[in-house]
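Data first, discussion second: the structure below is written as structure tokens.
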Amino acid sequence: MVGEKERSDKPQQGNHAKTKQTRGLSQRLRKPLSIERNLPPDLPAAELVPETAMAASSPTRDEAKDSELGTRKVSRLEARQSVPADASQPASTEGLLSEGAQLQSRYRILGRIGVGGMGAVYKAQDLRFANVQRLCAIKEMINTAPDPQVRQMIIRNFEREASILATLSHPAIPQVYDYFTEGSRSYLVQEFIHGKDLEDLLAETDGFFSESRVLDWATQLCDVLTYLHNHEPRPIIFRDLKPSNVMLDDHDRIRLVDFGIAKLFQSGEKGTMIGTEGYSPPEQYRGVAEPRGDIYALGATMHHLLSKQDPRLEPPFSFHERPIYKTNPTVSRELVDILDKALEYDINKRWGSSEELKREFMGLLGVQGKPRGETGSLIGGSVKPLWRFACEDEIRTSVAVDDDLVYVPSYDNNVYALEMETGKFVWKYPTEGGVGTSPWVSDGLVIFGSSDKVVYAVESRSGRLVWTVPTKAKIFSSPYGEFGHIFIGSDDSELYAIHLLSGRLAWTYKTDGAVRSTPIIRENTIFFACEMGMVYALTLNRDIKWRFRARRGFLSSPYVMEGLLFIGSLDWNFYALDIRSGWAAWRYRTGGPIVSTPAGWEGLIFFGSADGYFYALDAAEGRLVWRHQVGEQITSSPTVYGGNVYFGAVDGALYCLDAHSGTLRWRYQTEGPITAAPVIVDDVLYVGSMDHYVYAIPA
Amino acid sequence: MWLKTWMDRLFSNNSGENSSEETQPVLPKTSPELQPASLVPGVRGNTVKAQGFSSGVLSAGWMTDVGKVRSHNEDGLFIFMGEQQSSDATPTFGLFVLADGMGGHEAGEAASALASRVVAEHLMAQVYLPLLDGQERAATQPALTEVMEDAVSRANRYVSERLPGSGTTLTSCLILDGRVFIGHVGDSRTYLHAADNAVQQLTHDHSVVSKLVEIGQLTLEEAAVHPQRNMLYRAVGQGTVLDVDVMTHSLKHGDQLLMCSDGLWGALPDKEMWRIVEEAPTVKDACTRLVAAANAAGGNDNITVIVIKIL
């Protein structure tokens with residue numbers, strides 16, 4: 001019984017005759033969620049009685065699915081055990097009943113409507129009613145236990161369960177008419193249901209079911225669960241609730257099928273999973289089966305119906321990581337919250353009963369659900385700047401903060417020094433061109449480059465000029481200082497190394513294109529990029545350690561964290577390079593050029609793209625953790641502070657998001673695009689906007 | 001490219017047949033008389049000694065053992081380390097692949113063997129040979145984690161098509177210069193013991209019980225004895241689309257990596273495994289002792305381990 005079984009070898013099963021199926025586990029179809037499953041129109045829709053978890057769907061249904069999707073069926077792996085010598089023959093090769101066969105001299109088989117590992121399901125006619133065609137569904141279960149005592153026990157269990165089922169009376173439960181055992185096969189004769197199951201309906205339907213329709217089904221299911229759970233003397237637990245076990249009859253009413261009675265025929269393997277993976281509650285793995293397990297399964301079923309995410313294709317117990325609104329944004333928040341509680345892994349945190357759950361659903365049916373927005377509430381009105389200062393032109397790059405002064409570079413050719421607390425003007429230094437670089441402050445000097453091609457160093461307190469270094473073209477790179485030197489790039493395609501205090505030019509390094517990115521130094525290596533698309537790693541002696549070539553240029557600057565260099569390119573990709581060797585560890589493709597310099601924090605790396613999204617990626621895996629849609633280009637760089645990430649966008653707004661989750665905390669609107677990264681000191685954020693103002697805002 | 005043809009010869013069957021240009025991995029023959037036993041240790045129940053290899057930067061030991069209960073060893077291993085000493089040397093390179101096969105009869109052996117060969121072939125062709133060729137670093141090449149992902153996906157396609165009904169875990173570690181790149185599916189594990197840090201399990205087990213532990217529904221102790229502890233929700237060979245975990249980690253002098261199948265981590269607690277590694281004089285010796293300890297604890301499954309030390 002353990003190990004692999006051949007599926008039914010019916011000839012028409014064609015291309016998946018080779019598919020093996022392992023016991024006790026569901027069939028899984030691997031497909032990306034975006035593919036809608038459209039079954040061919042000539043598929044026989046009616047007359048399908050769904051099978052057990054074990055059984056295959058009817059042949060034509062499967063063939064259609066396979067050919068539509070072009071993928072193989074996937075099954076979960078069974079425990080790795082060697083096959084015992086007395087492995088029984090798979091059920092399907094033992095010969096199923098054919099049309100015209102009779103059982104008990106009473107039931108004439110009209111056809112087979114399903115096949116599974118345990119046996120088949122037949123459509124039959126009850127000949128007792130000679131004058132009419134009274135249809136019934138006959139489920140056949142083949143008893144393959146090798147031990148005769150075990151066989152007897154199985155038959156006794158079956159007959160006891162069948163008797164219980166026969167006493168049930170509820171509109172959603174098909175009637176049991178008869179049960180009997182013939183030799184090694186047991187049969188359950190039930191009311192024949194004309195309709196289709198919800199799994200098929202999911203596959204056939206384009207788009208999502210309406211919330212009210214799913215709620216209607218859900219309340220019907222709660223009804224029947226209440227009936228079962230309150231059964232005397234002992235509650236009946238359905239244990240295998242899932243879309244394929246829920247049928248919609250011709251009157252659009254829910255009918256529960258398959259009470260898992262066939263599972264009795266799995267020889268009592270220790271720890272056998274009764275329910276279908278994906279829909280079963282976690283406590284079933286501890287052998288616990290109680291009514292609240294059905295509530296979980298109902299939650300799982302509804303999650304699937306609403307989101308079209310099949311839990312069998314996803315990692316187990318991942319419902320909370322795959323919210324319904326990720327695929328179906330129209331679902332109401334209220335319903336999501338109710339289902340979240342039904343899907344609590346801890347049984348004691350779930351809804352206590354199906355009655356309680358039904359009341360919650362009914363509450364929703366009376367009220368229009370509100371669609372769930374992507375972001376939390378905005379407190380935009382409560383964000384007020386401490387001060388703002390007007391320059392005569394745009395501020396395109398970050399300010400610098402040192403001591404108690406804020407240094408502001410403006411396109412009005414000046415660099416301003418303002419008091420940090422009040423924004424009061426202290427001094428300004430005029431250059432001959434717009435200042436599009438962020439100043440670097442150290443050792444009492446403020447260093448910056450201008451589009452007048454000159455690198456300036458002025459005294460930080462007074463604004464008095466100390467030295468200048470001319471270059472041959474405009475400067476848009478911001479300086480970086482270390483080892484008593486300043487490193488800065490110019491549009492003349494050279495990287496300059498200048499002695500900080502004296503202004504003496506130490507050396508230049510020529511590259512292939514304008515150097516607009518800010519250099520960074522780590523582990524005695526200088527990293528920077530040029531507009532022709534190269535990232536350079538230079539030793540302090542100007543020896544090249546490695547170079548990396550992207551497909552298009554770099555305007556952003558590199559960021560280093562945990563041995564990786566992160567940089568976004570105009571080629572739409574975000575790269576993570578090993579800093580020692582330059583090998584690309586991973587890359588992530590966005591929908592537009594990346595001009596923003598990244599920032600990192602706690603294993604996450606943040607940056608914005610011109611595609612309007614702000615991204616948070618896992619630094620070690622290159623995997624998306626979250627992203628926030630702004631809708632307008634993000635060309636500025638983010639800053640991380642106090643568990644939040646701050647950045648500005650071309651829409652003129654400054655955003656503050658929670659760094660872990662990406663939820664919006666607040667946004668502040670200015671009158672012009674923000675292309676600079678905010679600088680945050682002592683809980684105050686300083687940023688300039690192209691509306692000519694520099695703002696000081698409480699972070 | 002002499003290296004490529006030498007590898008073709010190594011992995012083709014003994015008649016010396018060359019693989020096609022597309023390097024279709026050839027299914028290994030399993031009849032003992034055709035198997036060059038010295039090249040494929042641990043198969044067919046042969047218990048062999050631990051092996052080891054040291055380069056200037058990496059030192060690795062490995063061992064695979066059938067255990068005390070099973071009759072076949074369904075684990076597969078691939079080890080490759082490249083060493084060059086010259087003025088224009090290629091960077092340090094090490095490739096370590098471990099696969100634990102499943103499925104009845106001999107499907108498990110074949111699956112792990114095929115998967116590890118396909119992964120090795122892809123990584124040697126896409127990473128090592130270009131390295132020897134002196135290729136520049138550029139965005140025109142795939143990033144290394146992408147190459148790892150492609151390698152495992154490729155193995156998945158081969159196993160799914162040629163050995164339907166079988167499956168295997170697969171954990172591969174590629175060390176390039178001072179960094180490791182990992183491609184992983186299943187419940188074989190890779191641990192990192194950074195020199196000045198605690199032991200970290202880098203890979204995630206794709207088993208149902210592991211997820212149950214994660215959500216607090218099973219304790220680690222319950223998971224260790226759970227009858228379905230071997231049930232995986234992701235493995236190589238189960239279909240045409242596979243989600244491969246990839247990650248990268250920097251390495252420095254003194255760091256150690258340990259890769260193993262569940263025959264080892266399922267038999268010994270992590271603390272005990274690492275105590276053995278710390279106390280052993282060499283990595284090769286560590287492997288011998290680890291396998292012995294796992295066997296002493298019952299040896300219920302095949303045991304495979306690779307220990308790598310960054311010198």
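In the structure tokens, chains take letters A, B, ... by order of appearance, with residues numbered from 1 within each chain and ligands from 1 in the order shown.
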
Expected answer as a PDB file with N, CA and C atoms, in the first residue's frame: chain B residues within 7 Å of chain A, only C-alpha atoms:
ATOM      1  N   MET B 102      14.554  10.245  -3.524  1.00  0.00           N
ATOM      2  CA  MET B 102      13.435   9.512  -2.951  1.00  0.00           C
ATOM      3  C   MET B 102      12.595   8.912  -4.054  1.00  0.00           C
ATOM      4  N   GLY B 103      11.768   7.967  -3.662  1.00  0.00           N
ATOM      5  CA  GLY B 103      10.966   7.267  -4.647  1.00  0.00           C
ATOM      6  C   GLY B 103      11.320   5.800  -4.562  1.00  0.00           C
ATOM      7  N   GLY B 104      10.405   4.975  -4.886  1.00  0.00           N
ATOM      8  CA  GLY B 104      10.615   3.538  -4.674  1.00  0.00           C
ATOM      9  C   GLY B 104      11.667   2.946  -5.578  1.00  0.00           C
ATOM     10  N   ARG B 137      33.515  41.006 -15.901  1.00  0.00           N
ATOM     11  CA  ARG B 137      32.257  41.065 -15.166  1.00  0.00           C
ATOM     12  C   ARG B 137      31.361  42.063 -15.862  1.00  0.00           C
ATOM     13  N   ALA B 138      30.187  41.601 -16.269  1.00  0.00           N
ATOM     14  CA  ALA B 138      29.300  42.495 -17.010  1.00  0.00           C
ATOM     15  C   ALA B 138      27.858  42.064 -16.810  1.00  0.00           C
ATOM     16  N   ALA B 139      26.987  43.012 -17.063  1.00  0.00           N
ATOM     17  CA  ALA B 139      25.557  42.728 -16.894  1.00  0.00           C
ATOM     18  C   ALA B 139      25.040  41.812 -17.986  1.00  0.00           C
ATOM     19  N   ALA B 143      23.474  37.108 -13.179  1.00  0.00           N
ATOM     20  CA  ALA B 143      24.043  37.209 -11.842  1.00  0.00           C
ATOM     21  C   ALA B 143      24.187  35.811 -11.272  1.00  0.00           C
ATOM     22  N   LEU B 144      25.080  35.638 -10.319  1.00  0.00           N
ATOM     23  CA  LEU B 144      25.394  34.287  -9.843  1.00  0.00           C
ATOM     24  C   LEU B 144      24.216  33.589  -9.178  1.00  0.00           C
ATOM     25  N   THR B 145      23.374  34.318  -8.476  1.00  0.00           N
ATOM     26  CA  THR B 145      22.224  33.632  -7.878  1.00  0.00           C
ATOM     27  C   THR B 145      21.274  33.157  -8.975  1.00  0.00           C
ATOM     28  N   GLU B 146      21.228  33.897 -10.089  1.00  0.00           N
ATOM     29  CA  GLU B 146      20.394  33.444 -11.207  1.00  0.00           C
ATOM     30  C   GLU B 146      20.942  32.165 -11.796  1.00  0.00           C
ATOM     31  N   GLY B 165       8.054  10.287 -11.297  1.00  0.00           N
ATOM     32  CA  GLY B 165       7.714   9.535 -10.108  1.00  0.00           C
ATOM     33  C   GLY B 165       8.812   9.529  -9.079  1.00  0.00           C
ATOM     34  N   ASP B 177      35.737  33.321  -4.857  1.00  0.00           N
ATOM     35  CA  ASP B 177      36.440  34.323  -4.071  1.00  0.00           C
ATOM     36  C   ASP B 177      35.940  34.245  -2.629  1.00  0.00           C
ATOM     37  N   VAL B 208       6.809  19.902   5.420  1.00  0.00           N
ATOM     38  CA  VAL B 208       5.565  20.320   6.061  1.00  0.00           C
ATOM     39  C   VAL B 208       5.772  20.511   7.563  1.00  0.00           C
ATOM     40  N   LYS B 211       7.325  23.789   8.511  1.00  0.00           N
ATOM     41  CA  LYS B 211       6.366  24.885   8.470  1.00  0.00           C
ATOM     42  C   LYS B 211       5.491  24.859   9.724  1.00  0.00           C
ATOM     43  N   LEU B 212       5.128  23.665  10.170  1.00  0.00           N
ATOM     44  CA  LEU B 212       4.319  23.544  11.383  1.00  0.00           C
ATOM     45  C   LEU B 212       5.086  24.059  12.596  1.00  0.00           C
ATOM     46  N   GLN B 217       2.917  25.155  15.712  1.00  0.00           N
ATOM     47  CA  GLN B 217       1.987  24.050  15.893  1.00  0.00           C
ATOM     48  C   GLN B 217       2.671  22.742  16.264  1.00  0.00           C
ATOM     49  N   PRO B 227       5.668  11.233  12.184  1.00  0.00           N
ATOM     50  CA  PRO B 227       5.670  10.242  11.104  1.00  0.00           C
ATOM     51  C   PRO B 227       5.754  10.859   9.713  1.00  0.00           C
ATOM     52  N   GLN B 228       5.343  12.110   9.584  1.00  0.00           N
ATOM     53  CA  GLN B 228       5.453  12.734   8.257  1.00  0.00           C
ATOM     54  C   GLN B 228       6.598  13.733   8.166  1.00  0.00           C
ATOM     55  N   ASN B 230       9.325  13.526   6.829  1.00  0.00           N
ATOM     56  CA  ASN B 230      10.007  13.521   5.537  1.00  0.00           C
ATOM     57  C   ASN B 230       9.152  14.077   4.407  1.00  0.00           C
ATOM     58  N   MET B 231       7.956  14.515   4.740  1.00  0.00           N
ATOM     59  CA  MET B 231       7.067  14.980   3.679  1.00  0.00           C
ATOM     60  C   MET B 231       7.467  16.378   3.244  1.00  0.00           C
ATOM     61  N   LEU B 232       7.810  16.496   1.980  1.00  0.00           N
ATOM     62  CA  LEU B 232       8.257  17.779   1.445  1.00  0.00           C
ATOM     63  C   LEU B 232       7.178  18.410   0.595  1.00  0.00           C
ATOM     64  N   TYR B 233       7.130  19.713   0.615  1.00  0.00           N
ATOM     65  CA  TYR B 233       6.215  20.385  -0.312  1.00  0.00           C
ATOM     66  C   TYR B 233       6.966  20.924  -1.507  1.00  0.00           C
ATOM     67  N   GLN B 238       9.474  17.131  -9.504  1.00  0.00           N
ATOM     68  CA  GLN B 238       8.037  17.024  -9.275  1.00  0.00           C
ATOM     69  C   GLN B 238       7.192  17.794 -10.278  1.00  0.00           C
ATOM     70  N   GLY B 239       7.781  18.317 -11.303  1.00  0.00           N
ATOM     71  CA  GLY B 239       6.985  19.084 -12.256  1.00  0.00           C
ATOM     72  C   GLY B 239       7.861  20.062 -13.001  1.00  0.00           C
ATOM     73  N   THR B 240       7.252  20.799 -13.922  1.00  0.00           N
ATOM     74  CA  THR B 240       8.101  21.631 -14.765  1.00  0.00           C
ATOM     75  C   THR B 240       8.450  22.979 -14.159  1.00  0.00           C
ATOM     76  N   VAL B 241       7.713  23.425 -13.160  1.00  0.00           N
ATOM     77  CA  VAL B 241       8.052  24.725 -12.578  1.00  0.00           C
ATOM     78  C   VAL B 241       8.463  24.517 -11.130  1.00  0.00           C
ATOM     79  N   VAL B 246      17.391  30.923  -3.405  1.00  0.00           N
ATOM     80  CA  VAL B 246      18.782  31.294  -3.661  1.00  0.00           C
ATOM     81  C   VAL B 246      19.193  32.346  -2.648  1.00  0.00           C
ATOM     82  N   MET B 247      20.463  32.364  -2.327  1.00  0.00           N
ATOM     83  CA  MET B 247      20.973  33.387  -1.411  1.00  0.00           C
ATOM     84  C   MET B 247      22.483  33.470  -1.538  1.00  0.00           C
ATOM     85  N   THR B 248      23.029  34.532  -0.963  1.00  0.00           N
ATOM     86  CA  THR B 248      24.464  34.704  -0.996  1.00  0.00           C
ATOM     87  C   THR B 248      24.944  35.179   0.366  1.00  0.00           C
ATOM     88  N   HIS B 249      26.184  34.813   0.698  1.00  0.00           N
ATOM     89  CA  HIS B 249      26.743  35.170   1.996  1.00  0.00           C
ATOM     90  C   HIS B 249      28.238  35.381   1.838  1.00  0.00           C
ATOM     91  N   SER B 250      28.769  36.399   2.512  1.00  0.00           N
ATOM     92  CA  SER B 250      30.211  36.598   2.376  1.00  0.00           C
ATOM     93  C   SER B 250      30.937  35.650   3.321  1.00  0.00           C
TER      94      SER B 250
END

**OP:** Using DSSP on the backbone coordinates, identify the residues of range 80-275 of chain B assigned to helix (DSSP H, G or I); present them as a PyMOL selection string.
**Re:** chain B and resi 107-132+144-162+208-214+220-225+262-265+270-275

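Coordinates place CA of Ser59 in chain B at a distance of 15.1 Å from CA of Ala194 in chain B.
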
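By chain and then residue number, the residues within 9 Å of His122 in chain B are Arg117, Val118, Gln126, Val127, Val147, Met148, Asp150, Ala151, Val152 and Arg154 of chain B, counting only C-alpha atoms and disregarding those fewer than 4 positions away in sequence.
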
**OP:** Would you work out the distance separating CA of Pro323 in chain A from CA of Thr639 in chain A, expressed in Å to one decimal?
**Re:** 28.8 Å

**OP:** Write out as a list in words each polymer residue whose atoms come within 12 Å of His204 in chain B, counting only C-alpha atoms; drop sequence neighbours fewer than 3 positions from it.
**Re:** Thr169, Leu170, Thr171, Ile182, Gly183, His184, Val185, Gly186, Asp187, Ser188, Arg189, Thr190, Tyr191, Gln200, Gln201, Ser207, Val208, Val209, Ser210, Lys211, Glu214, Leu232, Arg234, Val244, Asp245, Val246 and Met247 of chain B

Would you save the residues from that selection as an mmCIF file, in the first residue's frame, using C-alpha atoms?
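Contents of part_31.cif, as written:
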data_model
loop_
_atom_site.group_PDB
_atom_site.id
_atom_site.type_symbol
_atom_site.label_atom_id
_atom_site.label_comp_id
_atom_site.auth_asym_id
_atom_site.auth_seq_id
_atom_site.Cartn_x
_atom_site.Cartn_y
_atom_site.Cartn_z
ATOM 1 C CA THR B 169 16.403 17.310 -2.606
ATOM 2 C CA LEU B 170 19.171 19.471 -3.902
ATOM 3 C CA THR B 171 21.494 21.835 -2.092
ATOM 4 C CA ILE B 182 23.499 28.821 -2.608
ATOM 5 C CA GLY B 183 20.748 27.223 -4.680
ATOM 6 C CA HIS B 184 18.451 24.986 -2.665
ATOM 7 C CA VAL B 185 15.292 22.889 -2.722
ATOM 8 C CA GLY B 186 14.217 20.298 -0.132
ATOM 9 C CA ASP B 187 15.325 19.418 3.356
ATOM 10 C CA SER B 188 19.027 18.814 3.010
ATOM 11 C CA ARG B 189 20.774 21.620 4.850
ATOM 12 C CA THR B 190 23.623 24.093 4.671
ATOM 13 C CA TYR B 191 24.907 25.605 7.909
ATOM 14 C CA GLN B 200 23.364 29.639 11.455
ATOM 15 C CA GLN B 201 21.206 27.362 9.341
ATOM 16 C CA SER B 207 9.099 20.142 4.738
ATOM 17 C CA VAL B 208 5.565 20.320 6.061
ATOM 18 C CA VAL B 209 6.699 19.732 9.651
ATOM 19 C CA SER B 210 9.199 22.562 9.370
ATOM 20 C CA LYS B 211 6.366 24.885 8.470
ATOM 21 C CA GLU B 214 7.448 27.783 12.238
ATOM 22 C CA LEU B 232 8.257 17.779 1.445
ATOM 23 C CA ARG B 234 9.051 21.193 -2.686
ATOM 24 C CA VAL B 244 14.323 27.539 -6.005
ATOM 25 C CA ASP B 245 15.656 29.295 -2.901
ATOM 26 C CA VAL B 246 18.782 31.294 -3.661
ATOM 27 C CA MET B 247 20.973 33.387 -1.411
#

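The interatomic distance for the pair CA of Gln629 in chain A and CA of His660 in chain A works out to 15.8 Å.
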
Subject >> Shortest interatomic distance to Pro281 in chain A - which of B:Val307, B:Ile215, B:Leu163, B:Val57, counting only C-alpha atoms >> reply: B:Ile215

Could you name the residues that touch Asp543 in chain A at 10 Å or less, counting only C-alpha atoms, but leaving out those on the same chain fewer than 5 positions away, as a PDB file with C-alpha atoms, in the first residue's frame?
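Output saved as around29.pdb:
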ATOM      1  CA  TYR A 509      41.591  58.713 -12.749  1.00  0.00           C
ATOM      2  CA  THR A 525      38.755  50.494  -1.993  1.00  0.00           C
ATOM      3  CA  ALA A 537      36.745  49.428  -7.817  1.00  0.00           C
ATOM      4  CA  LEU A 538      40.059  51.254  -7.345  1.00  0.00           C
TER       5      LEU A 538
END
